[in-house]
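Student: Provided herewith is a single structure, encoded as structure tokens, for subsequent inquiry.
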Amino acid sequence: MALRSYEHFEAGGGRINLERIHRFAEVTDSDPYAILAALALGSPQFALRSADNKLMTILTVALQEFDETLGDVIVELDARTLINAFTRTMKDLALQAVRRDSAAQDWLETRVAKLVTPAGGEDEGGAGNSRP
């Protein structure tokens, strides 16, 4: 994508079309499906949040495989079942993100306590907390 086209697209100029979104996502290493979802959600932040992990591309691939596997049986799924399944899945994903952050924080706190730190207020040749 030419720089001028990129700048024009990023500024919101021109018509939005799938080819342009996919080209933009390719040059910015972002998620084209997250960009489309961000438009539907009214949340540009969603596209930014999903750029690195490719959340919407993964969801789209999974949905494509679901469609290929179930085919016409999809029509048998009622709205309540779908809402419950997706709500439960989203809550589980949110818990995973929180647990991951919590586990990382616990790991860091445990290990930071073992690090050697300079003793505050001691003169240059003082022993401090350093180890040989």
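Ligands are numbered from 1 in the order shown, chains are lettered A, B, ... in the order of the structure tokens, and residues start at 1 in each chain.
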Any idea what's packed within 12 Å of Glu26 (chain A), counting only C-alpha atoms, ignoring anything in its chain fewer than 3 positions away? Could you give it as a PyMOL selection string?

Tutor: chain A and resi 1+6+19-23+29-33+35+51+54

Student: Store the residues picked out above, limited to N, CA and C atoms, as an mmCIF file, in the first residue's frame.

Tutor:
data_model
loop_
_atom_site.group_PDB
_atom_site.id
_atom_site.type_symbol
_atom_site.label_atom_id
_atom_site.label_comp_id
_atom_site.auth_asym_id
_atom_site.auth_seq_id
_atom_site.Cartn_x
_atom_site.Cartn_y
_atom_site.Cartn_z
ATOM 1 N N MET A 1 0.856 -1.166 0.000
ATOM 2 C CA MET A 1 0.000 0.000 0.000
ATOM 3 C C MET A 1 0.901 1.228 0.000
ATOM 4 N N TYR A 6 -2.253 4.845 2.466
ATOM 5 C CA TYR A 6 -2.322 4.505 3.889
ATOM 6 C C TYR A 6 -2.791 5.707 4.695
ATOM 7 N N GLU A 19 -11.205 -5.166 0.609
ATOM 8 C CA GLU A 19 -9.838 -5.249 0.089
ATOM 9 C C GLU A 19 -8.942 -4.211 0.752
ATOM 10 N N ARG A 20 -9.437 -2.997 0.867
ATOM 11 C CA ARG A 20 -8.646 -1.926 1.478
ATOM 12 C C ARG A 20 -8.373 -2.230 2.956
ATOM 13 N N ILE A 21 -9.367 -2.741 3.665
ATOM 14 C CA ILE A 21 -9.175 -3.080 5.082
ATOM 15 C C ILE A 21 -8.124 -4.179 5.225
ATOM 16 N N HIS A 22 -8.193 -5.178 4.376
ATOM 17 C CA HIS A 22 -7.214 -6.263 4.447
ATOM 18 C C HIS A 22 -5.808 -5.775 4.091
ATOM 19 N N ARG A 23 -5.688 -4.905 3.112
ATOM 20 C CA ARG A 23 -4.369 -4.350 2.764
ATOM 21 C C ARG A 23 -3.834 -3.503 3.909
ATOM 22 N N ASP A 29 0.222 -4.901 10.306
ATOM 23 C CA ASP A 29 0.243 -6.130 11.103
ATOM 24 C C ASP A 29 -0.864 -6.107 12.157
ATOM 25 N N SER A 30 -2.056 -5.760 11.701
ATOM 26 C CA SER A 30 -3.204 -5.735 12.600
ATOM 27 C C SER A 30 -4.206 -6.801 12.154
ATOM 28 N N ASP A 31 -5.362 -6.806 12.743
ATOM 29 C CA ASP A 31 -6.376 -7.826 12.510
ATOM 30 C C ASP A 31 -7.507 -7.220 11.663
ATOM 31 N N PRO A 32 -7.625 -7.612 10.391
ATOM 32 C CA PRO A 32 -8.662 -7.014 9.546
ATOM 33 C C PRO A 32 -10.075 -7.277 10.054
ATOM 34 N N TYR A 33 -10.289 -8.430 10.635
ATOM 35 C CA TYR A 33 -11.616 -8.758 11.151
ATOM 36 C C TYR A 33 -11.938 -7.952 12.412
ATOM 37 N N ILE A 35 -10.879 -4.887 12.775
ATOM 38 C CA ILE A 35 -11.216 -3.561 12.240
ATOM 39 C C ILE A 35 -12.685 -3.534 11.847
ATOM 40 N N ALA A 51 -5.194 -6.186 17.827
ATOM 41 C CA ALA A 51 -4.195 -6.166 16.748
ATOM 42 C C ALA A 51 -3.128 -7.235 16.933
ATOM 43 N N LYS A 54 -4.769 -11.062 17.378
ATOM 44 C CA LYS A 54 -5.615 -11.454 16.238
ATOM 45 C C LYS A 54 -6.902 -12.148 16.695
#

Student: Can you tell me which residues surround Leu59 (chain A) at a distance of at most 12 Å, considering only C-alpha atoms, apart from same-chain residues fewer than 5 positions away, and format the answer as a PyMOL selection string?

Tutor: chain A and resi 31+33-34+37+50+53-54+64-66+86+89-90

Student: Save the residues we just selected, N, CA, C and O atoms, as a tab-separated table (two decimals), in the first residue's frame?

Tutor:
chain	number	residue	atom	x	y	z
A	31	ASP	N	-5.36	-6.81	12.74
A	31	ASP	CA	-6.38	-7.83	12.51
A	31	ASP	C	-7.51	-7.22	11.66
A	31	ASP	O	-8.28	-6.40	12.16
A	33	TYR	N	-10.29	-8.43	10.64
A	33	TYR	CA	-11.62	-8.76	11.15
A	33	TYR	C	-11.94	-7.95	12.41
A	33	TYR	O	-13.09	-7.63	12.67
A	34	ALA	N	-10.92	-7.60	13.17
A	34	ALA	CA	-11.12	-6.74	14.34
A	34	ALA	C	-11.45	-5.32	13.89
A	34	ALA	O	-12.23	-4.63	14.55
A	37	ALA	N	-15.06	-5.51	12.99
A	37	ALA	CA	-15.86	-5.61	14.21
A	37	ALA	C	-15.87	-4.29	14.95
A	37	ALA	O	-16.89	-3.90	15.52
A	50	SER	N	-7.10	-5.84	19.73
A	50	SER	CA	-7.04	-7.15	19.08
A	50	SER	C	-5.94	-7.25	18.03
A	50	SER	O	-5.79	-8.29	17.40
A	53	ASN	N	-3.01	-10.00	19.16
A	53	ASN	CA	-3.40	-11.40	19.37
A	53	ASN	C	-4.33	-11.93	18.28
A	53	ASN	O	-4.66	-13.11	18.27
A	54	LYS	N	-4.77	-11.06	17.38
A	54	LYS	CA	-5.62	-11.45	16.24
A	54	LYS	C	-6.90	-12.15	16.69
A	54	LYS	O	-7.36	-13.12	16.11
A	64	GLN	N	-15.75	-20.33	10.97
A	64	GLN	CA	-15.74	-20.98	9.66
A	64	GLN	C	-15.69	-22.50	9.82
A	64	GLN	O	-16.42	-23.23	9.15
A	65	GLU	N	-14.83	-22.98	10.71
A	65	GLU	CA	-14.73	-24.42	10.96
A	65	GLU	C	-16.03	-24.96	11.55
A	65	GLU	O	-16.47	-26.06	11.21
A	66	PHE	N	-16.66	-24.17	12.44
A	66	PHE	CA	-17.94	-24.56	13.04
A	66	PHE	C	-18.99	-24.71	11.94
A	66	PHE	O	-19.74	-25.69	11.91
A	86	PHE	N	-21.90	-18.34	24.45
A	86	PHE	CA	-20.96	-17.26	24.20
A	86	PHE	C	-20.68	-16.45	25.47
A	86	PHE	O	-19.55	-16.04	25.71
A	89	THR	N	-18.31	-18.53	27.55
A	89	THR	CA	-16.98	-18.52	26.94
A	89	THR	C	-16.27	-17.19	27.18
A	89	THR	O	-15.08	-17.17	27.52
A	90	MET	N	-16.97	-16.08	27.03
A	90	MET	CA	-16.37	-14.77	27.23
A	90	MET	C	-15.96	-14.57	28.69
A	90	MET	O	-14.90	-14.02	28.98

Student: Can you list, as an mmCIF file with C-alpha atoms, in the first residue's frame, all residues belonging to region 41-125 of chain A that DSSP tags as helix (DSSP H, G or I)?

Tutor:
data_model
loop_
_atom_site.group_PDB
_atom_site.id
_atom_site.type_symbol
_atom_site.label_atom_id
_atom_site.label_comp_id
_atom_site.auth_asym_id
_atom_site.auth_seq_id
_atom_site.Cartn_x
_atom_site.Cartn_y
_atom_site.Cartn_z
ATOM 1 C CA LEU A 41 -19.135 -2.173 17.783
ATOM 2 C CA PRO A 44 -11.912 1.776 17.475
ATOM 3 C CA GLN A 45 -10.148 0.637 20.657
ATOM 4 C CA PHE A 46 -11.323 -2.916 19.976
ATOM 5 C CA ALA A 47 -9.263 -3.013 16.777
ATOM 6 C CA LEU A 48 -6.229 -1.782 18.708
ATOM 7 C CA ARG A 49 -6.748 -4.263 21.540
ATOM 8 C CA LEU A 55 -8.704 -12.174 18.345
ATOM 9 C CA MET A 56 -11.253 -11.638 15.579
ATOM 10 C CA THR A 57 -9.265 -13.546 12.957
ATOM 11 C CA ILE A 58 -9.105 -16.500 15.354
ATOM 12 C CA LEU A 59 -12.826 -16.199 16.098
ATOM 13 C CA THR A 60 -13.615 -15.986 12.372
ATOM 14 C CA VAL A 61 -11.534 -19.090 11.607
ATOM 15 C CA ALA A 62 -13.226 -20.978 14.454
ATOM 16 C CA LEU A 63 -16.638 -19.874 13.182
ATOM 17 C CA GLN A 64 -15.739 -20.979 9.660
ATOM 18 C CA GLU A 65 -14.731 -24.415 10.957
ATOM 19 C CA PHE A 66 -17.939 -24.558 13.038
ATOM 20 C CA ASP A 67 -19.970 -23.818 9.902
ATOM 21 C CA GLU A 68 -18.111 -26.453 7.893
ATOM 22 C CA THR A 69 -18.566 -29.048 10.638
ATOM 23 C CA LEU A 70 -22.225 -28.439 11.474
ATOM 24 C CA GLY A 71 -23.561 -27.128 8.202
ATOM 25 C CA ASP A 72 -27.365 -26.999 8.195
ATOM 26 C CA VAL A 73 -27.530 -28.279 11.783
ATOM 27 C CA ILE A 74 -26.661 -24.725 12.870
ATOM 28 C CA VAL A 75 -30.296 -23.809 12.279
ATOM 29 C CA GLU A 76 -31.229 -26.088 15.185
ATOM 30 C CA ALA A 79 -30.815 -18.054 20.618
ATOM 31 C CA ARG A 80 -30.824 -18.868 24.353
ATOM 32 C CA THR A 81 -28.270 -21.667 23.872
ATOM 33 C CA LEU A 82 -26.050 -19.429 21.758
ATOM 34 C CA ILE A 83 -26.236 -16.533 24.221
ATOM 35 C CA ASN A 84 -25.441 -18.817 27.169
ATOM 36 C CA ALA A 85 -22.554 -20.503 25.358
ATOM 37 C CA PHE A 86 -20.957 -17.258 24.204
ATOM 38 C CA THR A 87 -21.496 -15.520 27.540
ATOM 39 C CA ARG A 88 -19.880 -18.431 29.398
ATOM 40 C CA THR A 89 -16.980 -18.521 26.936
ATOM 41 C CA MET A 90 -16.367 -14.766 27.229
ATOM 42 C CA LYS A 91 -16.434 -14.972 31.036
ATOM 43 C CA ASP A 92 -13.952 -17.861 30.946
ATOM 44 C CA LEU A 93 -11.641 -15.870 28.677
ATOM 45 C CA ALA A 94 -11.876 -12.863 30.981
ATOM 46 C CA LEU A 95 -10.973 -15.064 33.949
ATOM 47 C CA GLN A 96 -7.985 -16.437 32.063
ATOM 48 C CA ALA A 97 -6.735 -12.902 31.410
ATOM 49 C CA VAL A 98 -7.145 -11.958 35.090
ATOM 50 C CA ARG A 99 -5.539 -15.172 36.329
ATOM 51 C CA ARG A 100 -2.666 -14.741 33.924
ATOM 52 C CA ASP A 101 -2.039 -11.202 35.126
ATOM 53 C CA SER A 102 -2.386 -12.315 38.738
ATOM 54 C CA ALA A 103 -0.060 -15.277 38.265
ATOM 55 C CA ALA A 104 2.492 -13.075 36.534
ATOM 56 C CA GLN A 105 2.265 -10.519 39.324
ATOM 57 C CA ASP A 106 2.669 -13.207 42.002
ATOM 58 C CA TRP A 107 5.646 -14.660 40.145
ATOM 59 C CA LEU A 108 7.280 -11.253 39.856
ATOM 60 C CA GLU A 109 6.678 -10.274 43.483
ATOM 61 C CA THR A 110 8.126 -13.558 44.738
ATOM 62 C CA ARG A 111 11.264 -13.206 42.685
ATOM 63 C CA VAL A 112 11.787 -9.467 43.121
#

Student: Calculate how many Å separate CA of Leu39 (chain A) from CA of Ala25 (chain A), rounding to one decimal.

Tutor: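 Taking CA of Leu39 (chain A) as the start and CA of Ala25 (chain A) as the end point, the length is 14.2 Å.
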
Student: For CA of Gly42 (chain A) and CA of Val27 (chain A), determine how far apart the two atoms are, in Å to one decimal place.

Tutor: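 Separating CA of Gly42 (chain A) from CA of Val27 (chain A) is a distance of 22.8 Å.
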